[in-house]
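**Student:** What follows is the file final_4.tsv, containing TSV, C-alpha atoms:
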```
chain	number	residue	atom	x	y	z
A	26	MET	CA	8.61	60.58	121.59
A	27	THR	CA	9.16	57.33	123.48
A	28	THR	CA	12.07	54.97	123.09
A	29	PRO	CA	10.95	51.60	121.74
A	30	THR	CA	11.34	48.69	124.13
A	31	PRO	CA	13.92	46.18	122.88
A	32	ALA	CA	12.42	42.89	121.77
A	33	GLN	CA	12.93	40.09	124.26
A	34	SER	CA	14.88	37.01	123.32
A	35	PRO	CA	13.16	33.60	123.50
A	36	ALA	CA	15.11	32.85	126.71
A	37	GLU	CA	13.93	36.11	128.30
A	38	ARG	CA	10.32	35.44	127.31
A	39	ALA	CA	10.54	31.91	128.74
A	40	THR	CA	12.08	33.23	131.96
A	41	ASP	CA	9.34	35.86	132.39
A	42	TRP	CA	6.67	33.25	131.70
A	43	LEU	CA	8.09	30.95	134.38
A	44	ARG	CA	8.49	33.75	136.93
A	45	HIS	CA	4.86	34.77	136.63
A	46	ARG	CA	3.78	31.14	137.08
A	47	LEU	CA	6.47	30.04	139.51
A	48	GLY	CA	4.10	28.80	142.21
A	49	ARG	CA	2.19	26.59	139.78
A	50	VAL	CA	5.39	25.30	138.17
A	51	VAL	CA	6.79	24.34	141.59
A	52	VAL	CA	3.59	22.42	142.32
A	53	LEU	CA	4.03	20.66	138.96
A	54	ALA	CA	7.59	19.75	139.96
A	55	TYR	CA	6.21	18.20	143.15
A	56	ALA	CA	3.61	16.31	141.12
A	57	ALA	CA	6.31	15.03	138.74
A	58	ALA	CA	8.32	13.83	141.73
A	59	LEU	CA	5.27	12.02	143.07
A	60	LEU	CA	4.35	10.36	139.77
A	61	LEU	CA	7.83	9.83	138.29
A	62	PRO	CA	10.46	9.87	141.06
A	63	GLY	CA	12.98	7.60	139.27
A	64	PRO	CA	15.04	10.26	137.43
A	65	GLY	CA	15.09	12.45	140.53
A	66	LEU	CA	16.31	9.57	142.71
A	67	TRP	CA	19.04	8.85	140.15
A	68	LEU	CA	20.13	12.50	140.18
A	69	ARG	CA	20.27	12.52	144.00
A	70	ARG	CA	23.14	10.00	143.90
A	71	PRO	CA	26.72	11.28	143.33
A	72	HIS	CA	28.00	10.41	139.88
A	73	PRO	CA	31.81	9.96	139.69
A	74	VAL	CA	33.64	11.81	136.91
A	75	PRO	CA	36.86	10.03	135.79
A	76	LEU	CA	39.98	12.20	136.22
A	77	GLY	CA	42.55	9.71	134.95
A	78	PRO	CA	45.40	8.87	137.33
A	79	ALA	CA	43.95	11.24	139.94
A	80	GLY	CA	40.95	8.93	140.37
A	81	ASP	CA	37.27	9.84	140.21
A	82	LEU	CA	35.56	13.05	141.33
A	83	PRO	CA	32.05	12.59	142.79
A	84	LEU	CA	29.58	14.92	141.10
A	85	PRO	CA	26.86	15.94	143.62
A	86	THR	CA	24.01	17.09	141.39
A	87	ALA	CA	22.02	18.81	144.14
A	88	GLN	CA	25.05	20.75	145.37
A	89	LEU	CA	25.92	21.88	141.83
A	90	LEU	CA	22.37	23.11	141.29
A	91	LEU	CA	22.49	25.01	144.61
A	92	TRP	CA	25.79	26.62	143.57
A	93	LEU	CA	24.20	27.73	140.30
A	94	MET	CA	21.25	29.30	142.12
A	95	LEU	CA	23.43	31.14	144.63
A	96	PHE	CA	25.85	32.34	141.92
A	97	SER	CA	22.87	33.72	140.01
A	98	ALA	CA	21.59	35.47	143.14
A	99	GLY	CA	25.00	37.03	143.79
A	100	LEU	CA	25.27	38.11	140.15
A	101	GLN	CA	22.13	40.22	140.58
A	102	VAL	CA	23.10	42.00	143.83
A	103	PRO	CA	23.45	45.81	143.33
A	104	VAL	CA	26.30	46.18	145.84
A	105	ARG	CA	26.69	49.91	145.19
A	106	ALA	CA	23.06	50.46	146.21
A	107	LEU	CA	23.73	49.24	149.74
A	108	GLY	CA	25.37	52.45	150.96
A	109	SER	CA	22.11	53.67	152.48
A	110	LEU	CA	22.26	50.80	155.00
A	111	LEU	CA	25.24	52.42	156.70
A	112	ARG	CA	23.11	55.47	157.41
A	113	ARG	CA	20.04	53.49	158.58
A	114	PRO	CA	21.27	50.13	159.92
A	115	ALA	CA	18.34	49.44	162.29
A	116	THR	CA	16.54	47.01	159.97
A	117	LEU	CA	19.73	45.13	159.13
A	118	LEU	CA	20.81	44.74	162.76
A	119	ALA	CA	17.32	43.77	163.92
A	120	GLY	CA	17.01	41.22	161.12
A	121	LEU	CA	20.33	39.57	161.94
A	122	ALA	CA	19.49	39.46	165.65
A	123	LEU	CA	16.09	37.89	164.97
A	124	HIS	CA	17.63	35.43	162.53
A	125	LEU	CA	19.60	34.00	165.45
A	126	THR	CA	16.81	34.40	168.02
A	127	ILE	CA	13.86	32.85	166.18
A	128	PRO	CA	15.32	29.29	166.22
A	129	LEU	CA	15.79	29.55	169.98
A	130	LEU	CA	12.14	30.56	170.39
A	131	THR	CA	10.42	28.19	167.97
A	132	VAL	CA	12.39	24.94	167.97
A	133	PRO	CA	12.14	24.20	171.75
A	134	ALA	CA	8.36	24.61	171.59
A	135	ILE	CA	8.15	22.24	168.61
A	136	ALA	CA	10.44	19.74	170.34
A	137	PHE	CA	8.36	19.85	173.53
A	138	ALA	CA	5.17	19.12	171.60
A	139	LEU	CA	6.74	16.27	169.61
A	140	HIS	CA	8.36	14.67	172.65
A	141	ARG	CA	4.87	14.13	174.05
A	142	THR	CA	3.84	12.04	171.02
A	143	PRO	CA	4.19	8.23	170.87
A	144	ASP	CA	6.94	8.47	168.22
A	145	THR	CA	9.84	6.12	169.03
A	146	ASP	CA	12.46	8.87	168.88
A	147	GLY	CA	10.28	11.58	170.40
A	148	GLY	CA	10.05	13.40	167.10
A	149	SER	CA	13.81	13.97	166.94
A	150	GLY	CA	13.83	13.37	163.18
A	151	LEU	CA	11.36	16.16	162.52
A	152	VAL	CA	13.11	18.44	165.03
A	153	THR	CA	16.38	17.82	163.19
A	154	ALA	CA	14.77	18.89	159.92
A	155	VAL	CA	13.33	22.01	161.57
A	156	ILE	CA	16.72	22.97	163.02
A	157	LEU	CA	18.31	22.73	159.57
A	158	ILE	CA	15.52	24.90	158.14
A	159	VAL	CA	15.74	27.76	160.64
A	160	ALA	CA	19.54	27.73	160.78
A	161	MET	CA	19.90	28.61	157.09
A	162	PRO	CA	20.49	32.17	155.83
A	163	VAL	CA	17.71	34.37	154.47
A	164	ALA	CA	16.51	33.12	151.08
A	165	ALA	CA	17.65	35.21	148.11
A	166	GLY	CA	14.12	34.88	146.74
A	167	ALA	CA	12.92	37.14	149.58
A	168	THR	CA	14.13	40.11	147.50
A	169	VAL	CA	11.49	39.27	144.89
A	170	TRP	CA	8.70	39.55	147.44
A	171	THR	CA	10.22	42.74	148.85
A	172	GLY	CA	9.99	44.34	145.42
A	173	LYS	CA	6.40	43.18	144.97
A	174	GLY	CA	5.44	44.64	148.34
A	175	ASP	CA	7.29	47.94	147.89
A	176	GLY	CA	9.58	47.09	150.79
A	177	ASP	CA	13.01	48.37	151.74
A	178	GLN	CA	15.00	46.61	149.03
A	179	PRO	CA	18.53	47.70	150.11
A	180	ALA	CA	17.79	46.43	153.63
A	181	MET	CA	16.57	43.11	152.28
A	182	VAL	CA	19.57	42.70	150.01
A	183	GLY	CA	21.81	43.51	152.98
A	184	LEU	CA	20.04	40.90	155.13
A	185	VAL	CA	20.43	38.23	152.44
A	186	LEU	CA	24.12	39.04	151.99
A	187	ALA	CA	24.96	39.42	155.68
A	188	SER	CA	23.17	36.23	156.76
A	189	THR	CA	24.84	34.33	153.91
A	190	LEU	CA	28.33	35.63	154.66
A	191	LEU	CA	27.87	34.90	158.38
A	192	SER	CA	26.44	31.41	157.81
A	193	PRO	CA	29.76	29.55	158.40
A	194	LEU	CA	29.51	30.87	161.98
A	195	THR	CA	25.77	31.02	162.58
A	196	ILE	CA	24.76	27.59	161.24
A	197	PRO	CA	27.06	25.59	163.56
A	198	LEU	CA	26.17	27.93	166.43
A	199	VAL	CA	22.41	27.33	166.06
A	200	ILE	CA	22.94	23.58	165.65
A	201	ASN	CA	25.13	23.28	168.73
A	202	VAL	CA	22.77	25.32	170.94
A	203	LEU	CA	19.77	23.16	169.98
A	204	LEU	CA	21.51	19.77	170.16
A	205	PRO	CA	20.18	18.95	173.69
A	206	LEU	CA	16.65	18.81	172.24
A	207	LEU	CA	17.49	15.66	170.26
A	208	ASP	CA	18.04	12.06	171.21
A	209	ALA	CA	21.62	10.75	171.17
A	210	ARG	CA	21.49	9.34	167.63
A	211	TYR	CA	20.32	12.52	165.95
A	212	ALA	CA	22.53	14.64	168.22
A	213	ARG	CA	25.59	12.77	166.94
A	214	THR	CA	24.45	13.29	163.36
A	215	LEU	CA	23.93	17.01	163.83
A	216	THR	CA	27.26	17.33	165.63
A	217	HIS	CA	28.84	15.96	162.47
A	218	ALA	CA	26.66	18.36	160.45
A	219	GLY	CA	27.93	21.27	162.54
A	220	HIS	CA	31.52	20.37	161.71
A	221	ALA	CA	30.62	19.89	158.06
A	222	THR	CA	28.88	23.26	157.77
A	223	HIS	CA	31.70	25.09	159.52
A	224	GLY	CA	34.37	23.46	157.41
A	225	SER	CA	32.79	23.11	154.01
A	226	PHE	CA	29.06	23.37	153.40
A	227	ALA	CA	28.32	26.95	154.51
A	228	LEU	CA	31.64	28.34	153.28
A	229	LEU	CA	32.05	26.43	150.02
A	230	GLY	CA	28.43	25.56	149.34
A	231	VAL	CA	26.73	28.86	150.23
A	232	VAL	CA	29.16	31.77	150.65
A	233	LEU	CA	31.60	31.00	147.82
A	234	PRO	CA	29.11	30.80	144.90
A	235	CYS	CA	27.25	33.89	146.12
A	236	ALA	CA	30.51	35.83	146.51
A	237	ALA	CA	31.65	34.66	143.05
A	238	GLY	CA	28.48	36.08	141.53
A	239	ILE	CA	28.96	39.43	143.32
A	240	LEU	CA	32.58	39.67	142.16
A	241	CYS	CA	31.59	38.87	138.58
A	242	ARG	CA	29.00	41.66	138.67
A	243	LEU	CA	31.61	44.13	139.92
A	244	ALA	CA	34.28	43.03	137.43
A	245	LEU	CA	32.29	42.68	134.21
A	246	PRO	CA	31.65	45.68	131.94
A	247	ALA	CA	27.98	46.53	131.51
A	248	PRO	CA	27.56	44.96	128.02
A	249	TRP	CA	29.20	41.71	129.14
A	250	LEU	CA	27.18	41.66	132.35
A	251	SER	CA	23.97	41.95	130.35
A	252	ARG	CA	24.96	38.97	128.19
A	253	VAL	CA	25.98	36.89	131.21
A	254	LEU	CA	22.73	37.69	132.99
A	255	GLY	CA	20.77	36.74	129.88
A	256	THR	CA	22.38	33.29	130.02
A	257	VAL	CA	22.70	32.64	133.74
A	258	LEU	CA	19.23	33.76	134.89
A	259	PRO	CA	17.13	31.36	132.78
A	260	THR	CA	19.63	28.58	133.45
A	261	ALA	CA	19.45	29.18	137.21
A	262	LEU	CA	15.66	29.28	137.11
A	263	ALA	CA	15.57	25.93	135.32
A	264	GLY	CA	18.16	24.60	137.77
A	265	SER	CA	16.10	25.71	140.78
A	266	LEU	CA	13.06	23.86	139.46
A	267	LEU	CA	15.19	20.78	138.77
A	268	LEU	CA	16.55	20.93	142.33
A	269	THR	CA	12.97	21.16	143.63
A	270	TYR	CA	12.12	18.02	141.63
A	271	VAL	CA	15.23	16.17	142.86
A	272	ASN	CA	14.56	16.97	146.52
A	273	ALA	CA	10.87	16.16	146.21
A	274	SER	CA	11.70	12.85	144.52
A	275	GLY	CA	13.70	11.77	147.55
A	276	ALA	CA	10.94	12.66	150.00
A	277	LEU	CA	7.87	11.65	148.03
A	278	GLY	CA	9.50	8.57	146.49
A	279	SER	CA	10.21	7.12	149.92
A	280	PHE	CA	6.72	8.11	151.06
A	281	LEU	CA	5.14	6.20	148.19
A	282	ALA	CA	7.28	3.16	148.91
A	283	ARG	CA	6.21	3.24	152.56
A	284	PRO	CA	3.17	5.46	153.12
A	285	ARG	CA	3.12	7.05	156.57
A	286	PRO	CA	0.10	9.39	156.78
A	287	LEU	CA	0.82	10.38	160.39
A	288	LEU	CA	4.36	11.41	159.46
A	289	LEU	CA	3.04	13.50	156.57
A	290	ALA	CA	0.49	15.19	158.84
A	291	ALA	CA	3.15	15.87	161.50
A	292	ALA	CA	5.57	17.27	158.90
A	293	LEU	CA	2.91	19.64	157.55
A	294	ALA	CA	1.88	20.72	161.05
A	295	VAL	CA	5.47	21.36	162.16
A	296	ALA	CA	6.34	23.31	159.00
A	297	THR	CA	3.17	25.39	159.34
A	298	LEU	CA	3.81	26.25	162.99
A	299	VAL	CA	7.44	27.24	162.43
A	300	CYS	CA	6.62	29.28	159.34
A	301	LEU	CA	3.73	31.18	160.94
A	302	ALA	CA	5.68	31.77	164.15
A	303	SER	CA	8.68	33.16	162.22
A	304	PHE	CA	6.56	35.60	160.24
A	305	ALA	CA	4.61	36.60	163.34
A	306	ILE	CA	7.78	37.30	165.34
A	307	GLY	CA	9.15	39.41	162.51
A	308	HIS	CA	5.91	41.40	162.26
A	309	LEU	CA	5.78	41.94	166.04
A	310	ALA	CA	9.42	43.05	166.15
A	311	ALA	CA	8.83	45.54	163.34
A	312	ARG	CA	5.91	47.06	165.29
A	313	LEU	CA	7.90	47.23	168.53
A	314	LEU	CA	10.79	48.94	166.71
A	315	ARG	CA	8.30	51.32	165.04
A	316	LEU	CA	9.84	50.77	161.63
A	317	ASP	CA	8.26	52.46	158.63
A	318	ALA	CA	6.12	50.28	156.36
A	319	PRO	CA	8.81	49.35	153.77
A	320	ALA	CA	11.35	48.41	156.47
A	321	ALA	CA	8.70	46.50	158.43
A	322	SER	CA	7.76	44.49	155.35
A	323	SER	CA	11.40	43.61	154.64
A	324	LEU	CA	12.07	42.62	158.25
A	325	THR	CA	8.97	40.39	158.35
A	326	LEU	CA	9.94	38.65	155.11
A	327	ALA	CA	13.55	38.17	156.23
A	328	CYS	CA	12.39	36.51	159.46
A	329	GLY	CA	10.08	34.09	157.68
A	330	MET	CA	11.99	33.19	154.52
A	331	ASN	CA	14.94	30.83	154.94
A	332	ASN	CA	16.98	29.14	152.22
A	333	SER	CA	15.03	25.89	152.10
A	334	SER	CA	17.03	24.65	149.10
A	335	ALA	CA	20.21	24.77	151.17
A	336	SER	CA	18.36	23.03	154.03
A	337	ALA	CA	17.34	20.20	151.71
A	338	VAL	CA	20.86	19.76	150.31
A	339	LEU	CA	22.42	19.71	153.79
A	340	LEU	CA	19.77	17.32	155.13
A	341	THR	CA	20.40	14.98	152.20
A	342	THR	CA	24.14	15.18	152.88
A	343	VAL	CA	24.03	14.39	156.60
A	344	LEU	CA	21.04	12.02	156.59
A	345	PRO	CA	21.03	10.33	153.17
A	346	ASP	CA	19.20	7.29	154.57
A	347	LYS	CA	16.21	9.34	155.81
A	348	PRO	CA	14.73	11.07	152.75
A	349	HIS	CA	11.32	11.27	154.46
A	350	LEU	CA	12.73	14.06	156.65
A	351	LEU	CA	12.68	16.27	153.56
A	352	LEU	CA	8.89	16.46	153.90
A	353	PRO	CA	8.87	19.41	156.37
A	354	VAL	CA	11.53	21.18	154.27
A	355	LEU	CA	9.42	20.88	151.13
A	356	ALA	CA	6.31	21.99	153.02
A	357	TYR	CA	8.15	24.99	154.49
A	358	GLY	CA	9.36	25.99	151.02
A	359	LEU	CA	5.76	26.26	149.80
A	360	LEU	CA	4.34	27.76	152.98
A	361	GLN	CA	6.87	30.58	153.20
A	362	LYS	CA	5.92	31.72	149.70
A	363	THR	CA	2.23	31.67	150.62
A	364	ALA	CA	2.90	33.68	153.79
A	365	ALA	CA	5.15	36.11	151.89
A	366	ASN	CA	2.36	36.70	149.39
A	367	ARG	CA	0.04	37.61	152.28
A	368	VAL	CA	2.61	40.08	153.63
A	369	VAL	CA	3.18	41.90	150.35
A	370	ARG	CA	-0.53	42.04	149.47
A	371	ARG	CA	-0.99	44.44	152.39
A	372	ARG	CA	0.98	47.05	150.44
A	373	PRO	CA	0.51	47.52	146.67
A	374	ALA	CA	3.79	47.42	144.80
A	375	ARG	CA	4.70	50.80	143.33
A	376	SER	CA	8.19	50.03	142.11
A	377	ALA	CA	10.18	47.16	140.81
A	378	GLY	CA	12.80	45.56	143.04
A	379	LEU	CA	16.50	46.12	142.60
A	380	ILE	CA	17.16	42.46	141.94
A	381	PRO	CA	14.82	39.65	140.97
A	382	PRO	CA	16.62	36.39	141.71
A	383	PRO	CA	14.79	33.53	140.09
A	384	CYS	CA	15.59	31.01	142.82
A	385	PRO	CA	12.47	29.63	144.58
A	386	HIS	CA	14.19	28.90	147.89
```
Would it be possible to restate this file's structure as structure tokens?

**Tutor:**
Amino acid sequence: MTTPTPAQSPAERATDWLRHRLGRVVVLAYAAALLLPGPGLWLRRPHPVPLGPAGDLPLPTAQLLLWLMLFSAGLQVPVRALGSLLRRPATLLAGLALHLTIPLLTVPAIAFALHRTPDTDGGSGLVTAVILIVAMPVAAGATVWTGKGDGDQPAMVGLVLASTLLSPLTIPLVINVLLPLLDARYARTLTHAGHATHGSFALLGVVLPCAAGILCRLALPAPWLSRVLGTVLPTALAGSLLLTYVNASGALGSFLARPRPLLLAAALAVATLVCLASFAIGHLAARLLRLDAPAASSLTLACGMNNSSASAVLLTTVLPDKPHLLLPVLAYGLLQKTAANRVVRRRPARSAGLIPPPCPH
């Protein structure tokens, strides 16, 4: 006698429907940004909230949406399932080492190629965008692909958590090491970005919401946790799609106002090269370390999947007058999902993942 499966609520059915069609829905969000960028451009601007005698509080829509996504990801982390990492830490340590090494291998090559183009700043704008992509922690959405590919889920969850918790140190470190590749104007901007990420963005904008979600999961009784998840997950999924639309509106809206086909081609080429190189380095490292297939899959995905949503928010914060630099970030966000799908198709999924964060980073 089998136990009947509980009927799904409308929110759960809508969430499942979106998850199974996430790639197509993201493309639709890009199309909406291209055809109707106005609302997205309005949402990109801070909107002050009156606080009476205390003055006004700027409300950064993109940052709030990123917080929601990271809180949702933290809320789904099975912390107690990570004990196995202490017994087999090779994948975790290799992933963290490669997370710091890959920017040092890929960005100088991209910068060298762009400096030989006739661009007035030697491609420093695109290099700046690439640096902010590869400096970000591992995307929480990588756990979804790990589950689909029957990878080492505890190792992937550990890589997401560790890279996120270390991001207040690693993001400024990567930025400062790669500063000499930029011209003086962009170097000054990224120097400011390094201070901002160390003081506020990485700590308050990335670590804090993720940690809040983890603490809520540990503190809430099981029935309450189920109710909270039923509310937060569909809300975060909708928020992630809205953030995709907002970021795309900034990039594609400016592109429509001033079409620059060569810039678009360069952005796509740069994003493709960095994405493919990151996945290839992860795959090669897994073979050299002789990891088993699940661990190799997780390591490859962790190397190639960065939190592109956080990259877009930070890029908008430090370079609000250059929305066209979001083009490589948007391209990387799509390309990393395509590459991840290729990785997991090599191994048929036999089990569901421990956590399925809905955030399409």

**Student:** From the set A:Leu262, A:Ala282, A:Leu59, A:Ala87, which residue has the shortest atom-to-atom contact distance to Leu339 of chain A, counting all atoms listed in the file?

**Tutor:**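 So, comparing all the options, the nearest one is A:Ala87.
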
**Student:** What is the atom CA of Leu198 of chain A-atom CA of Leu151 of chain A distance in Å, reported with one decimal?

**Tutor:**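 If I compute the distance from atom CA of Leu198 of chain A to atom CA of Leu151 of chain A, I get 19.3 Å.
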
**Student:** Which one is closest to Val152 of chain A: A:Thr189, A:Ser303, A:Thr341, A:Thr131? Count only C-alpha atoms.

**Tutor:**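 Of the candidates, the smallest distance to Val152 of chain A is held by A:Thr131.
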
**Student:** Could you please determine the separation between atom CA of Leu240 of chain A and atom CA of Val159 of chain A in Å, to one decimal place?

**Tutor:** 27.7 Å

**Student:** Just how far from atom CA of Phe226 of chain A is atom CA of Gly63 of chain A, in Å to one decimal?

**Tutor:**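 Taking atom CA of Gly63 of chain A as the start and atom CA of Phe226 of chain A as the end point, the length is 26.6 Å.
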
**Student:** Go through A:Thr297, A:Ser334, A:Ser149, A:Thr214 and flag the residue nearest Val271 of chain A, using only C-alpha atoms for the distances.

**Tutor:**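 Of the candidates, the smallest distance to Val271 of chain A is held by A:Ser334.
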
**Student:** Please determine, counting all atoms listed in the file, which residue among A:Ala209, A:Leu121, A:Leu355, A:Ala292 has the shortest atom-to-atom distance to Pro162 of chain A.

**Tutor:** A:Leu121

**Student:** Using all atoms listed in the file, pick whichever of A:Asp346, A:Leu258, A:Asp317, A:Thr325 has the shortest atom-to-atom distance to Met94 of chain A.

**Tutor:**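 Looking only at the distances to Met94 of chain A, the closest residue turns out to be A:Leu258.
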
**Student:** Using all atoms listed in the file, which of A:Met330, A:Val368, A:Ala98, A:Ala356 sits nearest Val232 of chain A?

**Tutor:**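 Of A:Met330, A:Val368, A:Ala98, A:Ala356, the one nearest Val232 of chain A is A:Ala98, counting all atoms listed in the file.
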
**Student:** Quick one: everything within 12 Å of His217 of chain A, counting all atoms listed in the file, minus sequence neighbours fewer than 6 positions away in the same chain. Send it as a list in words.

**Tutor:** Pro197, Ile200, Asn201, Leu204, Arg210, Tyr211, His223, Gly224, Ser225, Phe226, Leu339, Leu340, Thr342, Val343 and Leu344 of chain A

**Student:** From (8.7, 39.7, 151.2), in the file's coordinates, out to 7 Å: which residues are reached, counting all atoms listed in the file? Answer as a list in words.

**Tutor:**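 Output: Ala167, Thr168, Val169, Trp170, Thr171, Gly174, Ser322, Ser323, Leu326, Ala365, Val368 and Val369 of chain A.
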
**Student:** Identify the residues around (19.3, 39.6, 163.9) within a radius of 12 Å, measuring from all atoms listed in the file in the coordinates stated by the file, and give them as an MDAnalysis selection string.

**Tutor:** chainID A and resid 114:128 162:163 183:185 187:188 191 195 306:307 310 324:325 327:328

**Student:** Which centre and which edge lengths, in Å to one decimal, describe the axis-aligned box that holds all listed atoms of segment 53-69 of chain A after 6 Å is added on each side, as JSON?

**Tutor:**
```
{"center_x": 11.9, "center_y": 14.1, "center_z": 140.7, "size_x": 28.7, "size_y": 25.1, "size_z": 18.6}
```
